[in-house]
Amino acid sequence: GSTIPASMVSSPANVVMISGASTSPQITGMSPYLFRTCPSDALQGQLLAKRAIAQGFTRVAVTFVPGPYGSGLSDTFATNFTQLGGTVTFQQMYTEAQPSYRARLTSIYATSPQAILLVAYPVDGAQIVKDYNSAFSSQQTTWFFTDATEDPSFVQAIGAGNFTFNHEGTGSAAPSGPAYASYAAAFNAKYGHAAAPGTFSANVYDATYLAALAIAQAGSAQGPAIAGALREVADPPGMVVGPGQWAAALGAIK
């Protein structure tokens, strides 16, 4: 929701933007100056569709936050779910910052869904779930949540003890292995706590160092030079570097 409109200014100015958290499928191929280090929601939507089918659901309603994140993810889910034989009974974006979403839930239940996919940020998402708990819990609906609600504030707003309905959520998995362990240890040493789930902190770390490595590779801090070198340093032939190996990476470039 922020990255795409910002890129409308940065890209014409030949300024590179690298996001560690922007997952909208619309970003793919949008500009030679726009990059990301996180997965596209084309993958998340496919996974959600497969999970719904695996649980035996053939009728799912979708409500989503306005903007590229919500529309892109809901469309990807709908396409994949339909291809797998399912029916999307309802697919509409909601209006943000409403004191109640009971009217929206009433419209959803008028289509007789077996499950609901909620593509939301924590504040509005929590209000929607609270309205479900207070007025529609007798429906015994299964809910699917997306990565934006993988946030402690979402759980706190609803109340950890109020997730008594069937539910599951998607979230970008943290990497594993020695490189991530080294990053995690460095993060904890710097800030005194582990990186919070759902923050894409490792992806942002990668984005930052890739920008710096691209400048070193290109020998220039100009946008076209950085854009031209990014893929070279992101996937260099014959060498893999990780956290704590900045000097080794610079040496290899030299």
# chains A, B, ... in the order shown; residues from 1 in each chain; ligands from 1
call {"tool": "select_by_dssp", "arguments": {"residues": "region 1-248 of chain A", "states": "strand (DSSP E)", "output": "JSON, numbers by chain"}}
result
{"A": [17, 18, 19, 34, 35, 36, 59, 60, 61, 62, 63, 64, 87, 88, 89, 90, 91, 92, 93, 115, 116, 117, 118, 119, 142, 143, 144, 145, 167, 168, 169]}
call {"tool": "residues_around", "arguments": {"residues": "Asp235 (chain A)", "least_positions_apart": "6", "cutoff": "12 Å", "atoms": "only C-alpha atoms", "output": "PyMOL selection string"}}
result
chain A and resi 210+213-214+229+241
call {"tool": "write_last_selection", "arguments": {"atoms": "C-alpha atoms", "output": "mmCIF file, in the first residue's frame"}}
result
data_model
loop_
_atom_site.group_PDB
_atom_site.id
_atom_site.type_symbol
_atom_site.label_atom_id
_atom_site.label_comp_id
_atom_site.auth_asym_id
_atom_site.auth_seq_id
_atom_site.Cartn_x
_atom_site.Cartn_y
_atom_site.Cartn_z
ATOM 1 C CA LEU A 210 22.446 -5.949 -0.936
ATOM 2 C CA LEU A 213 27.143 -4.604 -1.993
ATOM 3 C CA ALA A 214 25.608 -3.389 -5.257
ATOM 4 C CA ALA A 229 24.462 -4.703 -10.062
ATOM 5 C CA VAL A 241 28.122 -14.827 2.023
#
call {"tool": "closest_residue", "arguments": {"among": "A:Tyr132, A:Gln91, A:Gly125, A:Ala160", "to": "Ala103 (chain A)", "atoms": "only C-alpha atoms"}}
result
A:Tyr132
call {"tool": "residues_around", "arguments": {"residues": "Arg36 (chain A)", "least_positions_apart": "6", "cutoff": "10 Å", "atoms": "only C-alpha atoms", "output": "ChimeraX atom specification"}}
result
/A:17-23,27-28,203-204,206-207
call {"tool": "write_last_selection", "arguments": {"atoms": "C-alpha atoms", "output": "PDB file, in the first residue's frame"}}
result
ATOM      1  CA  MET A  17      13.884   0.991  -3.827  1.00  0.00           C
ATOM      2  CA  ILE A  18      14.274  -2.389  -2.109  1.00  0.00           C
ATOM      3  CA  SER A  19      11.485  -3.573   0.177  1.00  0.00           C
ATOM      4  CA  GLY A  20      11.887  -6.330   2.713  1.00  0.00           C
ATOM      5  CA  ALA A  21       8.160  -6.643   3.409  1.00  0.00           C
ATOM      6  CA  SER A  22       6.085  -5.686   0.348  1.00  0.00           C
ATOM      7  CA  THR A  23       4.371  -8.832  -0.860  1.00  0.00           C
ATOM      8  CA  ILE A  27       5.216  -5.372  -7.644  1.00  0.00           C
ATOM      9  CA  THR A  28       6.655  -8.105  -9.872  1.00  0.00           C
ATOM     10  CA  ASN A 203      14.589  -9.662   4.804  1.00  0.00           C
ATOM     11  CA  VAL A 204      15.230  -5.991   5.577  1.00  0.00           C
ATOM     12  CA  ASP A 206      19.358  -8.568   3.393  1.00  0.00           C
ATOM     13  CA  ALA A 207      17.918  -5.597   1.494  1.00  0.00           C
TER      14      ALA A 207
END
call {"tool": "select_by_dssp", "arguments": {"residues": "region 46-207 of chain A", "states": "helix (DSSP H, G or I)", "output": "ChimeraX atom specification"}}
result
/A:46-54,68-83,102-109,122-135,137-139,147-149,152-158,160-162,178-191,201-207
call {"tool": "closest_residue", "arguments": {"among": "A:Ala185, A:Phe90, A:Val129, A:Ala194", "to": "Ser112 (chain A)", "atoms": "only C-alpha atoms"}}
result
A:Phe90
call {"tool": "residues_around", "arguments": {"residues": "Tyr101 (chain A)", "least_positions_apart": "2", "cutoff": "8 Å", "atoms": "only C-alpha atoms", "output": "ChimeraX atom specification"}}
result
/A:98-99,103-105,127-128,131
call {"tool": "residues_around", "arguments": {"residues": "region 217-225 of chain A", "least_positions_apart": "4", "cutoff": "9 Å", "atoms": "only C-alpha atoms", "output": "list in words"}}
result
Ala13, Asn14, Val15, Val16, Pro32, Tyr33, Ala212, Leu213, Ala229, Leu230, Glu232, Val233, Leu250, Ile253 and Lys254 of chain A
call {"tool": "write_last_selection", "arguments": {"atoms": "C-alpha atoms", "output": "compact mmCIF listing (two decimals), in the first residue's frame"}}
result
# COMPACT_ATOMS: atom_id res chain seq x y z
CA ALA A 13 13.84 9.58 -10.71
CA ASN A 14 16.04 6.48 -11.27
CA VAL A 15 16.20 5.81 -7.53
CA VAL A 16 16.39 2.18 -6.41
CA PRO A 32 13.58 -1.94 -13.11
CA TYR A 33 14.24 0.20 -10.02
CA ALA A 212 25.63 -1.67 -0.09
CA LEU A 213 27.14 -4.60 -1.99
CA ALA A 229 24.46 -4.70 -10.06
CA LEU A 230 21.83 -5.92 -7.59
CA GLU A 232 24.96 -9.91 -9.52
CA VAL A 233 25.52 -9.52 -5.78
CA LEU A 250 33.95 -6.76 -0.29
CA ILE A 253 34.11 -7.93 -5.23
CA LYS A 254 37.54 -6.29 -5.33
call {"tool": "atom_distance", "arguments": {"atom1": "CA of Ala184 (chain A)", "atom2": "CA of Pro39 (chain A)"}}
result
20.1 Å
call {"tool": "closest_residue", "arguments": {"among": "A:His193, A:Ser100, A:Val65, A:Gly45", "to": "Thr149 (chain A)", "atoms": "only C-alpha atoms"}}
result
A:Val65
call {"tool": "closest_residue", "arguments": {"among": "A:Thr89, A:Phe35, A:Thr63, A:Ala196", "to": "Ala211 (chain A)", "atoms": "only C-alpha atoms"}}
result
A:Phe35
call {"tool": "closest_residue", "arguments": {"among": "A:Leu117, A:Ile158, A:Ala49, A:Ala174", "to": "Ser134 (chain A)", "atoms": "only C-alpha atoms"}}
result
A:Ile158
call {"tool": "atom_distance", "arguments": {"atom1": "CA of Gln114 (chain A)", "atom2": "CA of Val60 (chain A)"}}
result
5.8 Å
call {"tool": "atom_distance", "arguments": {"atom1": "CA of Leu84 (chain A)", "atom2": "CA of Pro25 (chain A)"}}
result
20.0 Å
call {"tool": "closest_atom_pairs", "arguments": {"of": "region 145-239 of chain A", "to": "region 72-77 of chain A", "cutoff": "12 Å", "atoms": "only C-alpha atoms", "output": "JSON lines"}}
result
{"residue": "A:Phe145", "atom": "CA", "partner": "A:Leu73", "partner_atom": "CA", "distance": 11.5}
{"residue": "A:Thr146", "atom": "CA", "partner": "A:Leu73", "partner_atom": "CA", "distance": 9.0}
{"residue": "A:Asp147", "atom": "CA", "partner": "A:Leu73", "partner_atom": "CA", "distance": 10.5}
{"residue": "A:Ala148", "atom": "CA", "partner": "A:Leu73", "partner_atom": "CA", "distance": 11.2}
{"residue": "A:Thr170", "atom": "CA", "partner": "A:Leu73", "partner_atom": "CA", "distance": 11.9}
call {"tool": "write_last_selection", "arguments": {"atoms": "C-alpha atoms", "output": "CSV table (one decimal), in the first residue's frame"}}
result
chain,number,residue,atom,x,y,z
A,145,PHE,CA,-5.6,-15.2,8.6
A,146,THR,CA,-2.7,-13.8,6.4
A,147,ASP,CA,0.8,-12.7,7.2
A,148,ALA,CA,-0.1,-9.1,8.1
A,170,THR,CA,0.1,-17.9,7.1
call {"tool": "closest_residue", "arguments": {"among": "A:Gly177, A:Pro152, A:Pro113, A:Gly70", "to": "Asp41 (chain A)", "atoms": "only C-alpha atoms"}}
result
A:Gly70
call {"tool": "residues_around", "arguments": {"residues": "Phe154 (chain A)", "least_positions_apart": "5", "cutoff": "9 Å", "atoms": "only C-alpha atoms", "output": "list in words"}}
result
Tyr121, Pro122, Val123, Gly125, Ala126, Thr149 and Gly159 of chain A
